[in-house]
Amino acid sequence: MPSKVLIRDLSKSFPLRQGKGYTTLKVIEDLSMSVEENEFVVIIGPSGSGKTTLLKLVDGLIPPDSGEVLIDGTNRPRPGPKMGFVFQSFRLMPWKTVMGNVLFPLQINHIDRQIASERAVKYITEVGLTGFENSYPSELSGGMQQRVGLARAMALESEILLMDEPFGSLDAQTSELLQVELLKLWQFKRNTVIFVTHNLDEALLLADRIVLIGARPSKVEEEIKVPFRRPRWTYDVRSEPEYPVLRRHLWTRLKEMVSKSGLFPGVNVGPTAAAPMAGEEWTPRIEERR
Amino acid sequence: MSRGDPSRARSKRVAWATRIVILVGLIVAWQVAALSLGPLFLPQPLAVVYATVTLFGNGTIELALRQSMTVFLTAFGISLSIGIPLGLVMGGVKAVGDAVDSFINMFNSMPRIALIPLMVAWFGLGVTAKIAIVVLLAFFPIVINTYNGVLNTDKDLLEAASSFGASRAQLFTSVMLRAALSNIITGVRLGASVGILGVVVAELFTAISGLGGLIVNYGNTFQLNDYFVPVLVLSLIGVTISEGLKFIERRLTPWKQFQR
C-alpha cells in the first residue's frame, strides 16, 4: 500500500529582501519523509525551520521549487476537502458565528445543506461548544476559538488533518486540555494527522512517530517511534520509563541543531548542558537569548 | 456584553443627559450672544422658531427640501451604484486596481470644486449640472474606501479559506466582500456628508434653488431669522443620514458589538 503522504526531495525557497535587492532564503532543502494511513506524525524542529512551509506544501497551498508531494502515491496535493487545516492563529471569520465558521468549508465544497448542518452540530458538540453555536469568535476565549478551529477542520471529515502549532498560542493549562481532547477525538476518527509543534511534551503525548527536522534549510534529521500504548489519556504518559529518556534525547538533538544553525550563539551544547533532567522546560531558555 | 446589561443602560442614560445639558447650554449661549450682538447680526432663538413655523407653514421649506433632496438622492444613488462596484472590481482584480488607482487618487486630491465651472459649461445651470457636481464630490470617498477595504482583507483569512478549497470567486464573495463591509459603509458615510455639502455648493453656483438657494437669498437680504431655518434643516438632514448609516452598519456587522 502506498504511503498516505509521500514527500520526496522537496525544496522550497522564498525571496528575501536584502538592502535594495533580493536574495533567496532556502527554507526546505531535499526533504523526504512519508506518513502512513491513520498515522499521527508530529514534526518538531527549531523555530524558523520550515515547519509551516512544509505543511503548506503538503496541503498544496504553495508549489515546491523541486521535488514532490504525493497523496495516496499518485496525486499532487490540492487544497480542498481531502485535507483539513488547523492554524496556530485560529483564523476564524470574525463575521461568522461558531456555526457559520464550522459550516464555511462545507459550503465552499458544496456539501448538501442538510448533511452539512448535521455535521456542524455533531462536531460542535464533540469539541464541547454546545450552546455557543450563535456566538461570534470575539465573544470566545482563545481556547474556545481553537475548539471552533478544530471543529471546522474536522467537519470536513478529511482523510488528512494538518495542524500547525494549533495549541501554541494558548496558555499551558488550556493547551494540555486540548491535547487530551484531540487524542480522544482522533482515537475514533483515526485519520492521518501531520502535527507541527515545538513543544516536546506535546509531541511525546500525541505522536505515533516524531520527525525531527533541522534548522534552515530544513531536512529530516531523525525519526523516532513513540512507544506509549494508546489510548494515552487513560494514564500518565510522563511516568513511563522511556519518557525522560526520549525527551532528553529530543532536547539534545534540538539544541545541537539550534547551536549548529548559529541562530542562538549563546546556546551551549557541552556534554553536561546537553542533558537536562526530564520535565525541564527547554523553550524559555531559547526564548530568553533572542 | 448584552443589550440588557445594566451598566451599559446606565452609561446610555448618562450620555443622553449630557447631550441635553450641552443642548441647553448652546441655546442659552446663543440667546446671550443674540442679545448682546443685536438682531442684525444674530437673531434670537425664539425668532428662529417663529421663522421655522412660518416657512414650514407656507410650503417654502417643503419645496426647497424637495429640490435639494432630488439632487442629493439622485447623485448619491449614482455615486453608490458606480463607486461600490468599481471599488470592488479594483480590489478583486489586481491589474484593474493598479491601473485605475493612480487616476482615482489624482482626481481625489484635485480641489474638485474648481471643476464646477466646467460642469456648468457641460451641463448648464439646471438639475443635471447640480447632480454632476454632487457626484463629483461624493463618488471618490466611496470608491477609495471600498477599494481599500477589499485590499486590506486579512491575508491569513484568505489563506485559510484557500486551504479549504475556496476558488478565487469564493474568496471574493465570502471573504473579501465581508471583510470590506465596514470600510464600504465608512465610504458611504463620508460620501453622504460630502454629498450634502455638494448640494449646497451646487445650489449656490448654478441656478439658485433648494435649501442652498434659500440660504443665499436670505443671507444676501439680511433676513437672518429665515436664514437660520434652512441651515438647521440641512444639519438635521446630515445628522439623520449619518445616524441612519450607523444604524445600518450595526445591523450589517453584528459581530462588531463585542469587539470593544
# chains A, B, ... in the order shown; residues from 1 in each chain; ligands from 1

$ residues_around --residues "segment 222-228 of chain B" --least-positions-apart "2" --cutoff "7 Å" --atoms "only C-alpha atoms" --output "PyMOL selection string"
chain B and resi 42-43+47-48+51+215+218-220+230-232

$ write_last_selection --atoms "C-alpha atoms" --output "PDB file, in the first residue's frame"
ATOM      1  CA  LEU B  42     -27.668  87.194  15.228  1.00  0.00           C
ATOM      2  CA  PRO B  43     -31.387  86.518  15.658  1.00  0.00           C
ATOM      3  CA  ALA B  47     -37.291  84.396  16.426  1.00  0.00           C
ATOM      4  CA  VAL B  48     -35.827  81.455  14.530  1.00  0.00           C
ATOM      5  CA  ALA B  51     -39.473  81.764  11.241  1.00  0.00           C
ATOM      6  CA  ILE B 215     -29.566  80.313   2.315  1.00  0.00           C
ATOM      7  CA  TYR B 218     -31.955  85.130   2.956  1.00  0.00           C
ATOM      8  CA  GLY B 219     -28.284  85.779   3.653  1.00  0.00           C
ATOM      9  CA  ASN B 220     -27.930  88.406   0.925  1.00  0.00           C
ATOM     10  CA  PRO B 230     -32.547  76.057   6.008  1.00  0.00           C
ATOM     11  CA  VAL B 231     -29.210  75.943   7.841  1.00  0.00           C
ATOM     12  CA  LEU B 232     -30.790  73.993  10.700  1.00  0.00           C
TER      13      LEU B 232
END

$ interface_residues --of "chain A" --to "chain B" --cutoff "12 Å" --atoms "only C-alpha atoms" --output "PyMOL selection string"
chain A and resi 55-62+77-98+100-110+134-140+149+152-158+161-162+164

$ residues_around --residues "Leu190 of chain B" --least-positions-apart "3" --cutoff "10 Å" --atoms "only C-alpha atoms" --output "ChimeraX atom specification"
/B:138-142,145,184-187,193-195,242

$ write_last_selection --atoms "N, CA and C atoms" --output "short mmCIF file (atom, residue, chain, number, x, y, z; two decimals), in the first residue's frame"
data_model
loop_
_atom_site.label_atom_id
_atom_site.label_comp_id
_atom_site.auth_asym_id
_atom_site.auth_seq_id
_atom_site.Cartn_x
_atom_site.Cartn_y
_atom_site.Cartn_z
N ALA B 138 -19.10 63.19 -4.11
CA ALA B 138 -19.44 62.03 -3.27
C ALA B 138 -18.81 60.74 -3.76
N PHE B 139 -18.52 60.68 -5.06
CA PHE B 139 -18.06 59.44 -5.68
C PHE B 139 -16.74 58.93 -5.11
N PHE B 140 -15.75 59.84 -4.95
CA PHE B 140 -14.39 59.40 -4.63
C PHE B 140 -14.22 58.74 -3.27
N PRO B 141 -14.76 59.35 -2.21
CA PRO B 141 -14.60 58.64 -0.93
C PRO B 141 -15.21 57.24 -0.96
N ILE B 142 -16.28 57.06 -1.74
CA ILE B 142 -16.92 55.75 -1.80
C ILE B 142 -16.02 54.74 -2.51
N ASN B 145 -12.65 54.05 -0.35
CA ASN B 145 -12.82 53.22 0.84
C ASN B 145 -13.20 51.79 0.50
N ILE B 184 -16.60 49.86 3.47
CA ILE B 184 -17.55 50.33 2.46
C ILE B 184 -18.55 51.28 3.12
N ILE B 185 -19.03 50.88 4.30
CA ILE B 185 -20.01 51.73 4.98
C ILE B 185 -19.38 53.06 5.38
N THR B 186 -18.12 53.02 5.81
CA THR B 186 -17.43 54.28 6.12
C THR B 186 -17.38 55.17 4.88
N GLY B 187 -17.06 54.58 3.74
CA GLY B 187 -17.01 55.33 2.50
C GLY B 187 -18.36 55.94 2.16
N SER B 193 -21.88 62.72 3.56
CA SER B 193 -21.71 64.04 4.18
C SER B 193 -21.08 65.02 3.18
N VAL B 194 -20.14 64.55 2.37
CA VAL B 194 -19.60 65.42 1.33
C VAL B 194 -20.69 65.75 0.31
N GLY B 195 -21.58 64.79 0.07
CA GLY B 195 -22.67 64.98 -0.88
C GLY B 195 -23.60 66.10 -0.46
N SER B 242 -26.29 60.32 8.78
CA SER B 242 -25.15 59.60 9.36
C SER B 242 -25.61 58.65 10.47
#

$ residues_around --residues "Glu202 of chain A" --least-positions-apart "3" --cutoff "8 Å" --atoms "only C-alpha atoms" --output "list of chain:residue names"
A:Glu176, A:Gln179, A:Thr197, A:Asn199, A:Leu205, A:Leu206

$ atom_distance --atom1 "atom CA of Thr74 of chain A" --atom2 "atom CA of Lys26 of chain A"
26.7 Å

$ atom_distance --atom1 "atom CA of Val35 of chain A" --atom2 "atom CA of Lys219 of chain A"
15.3 Å
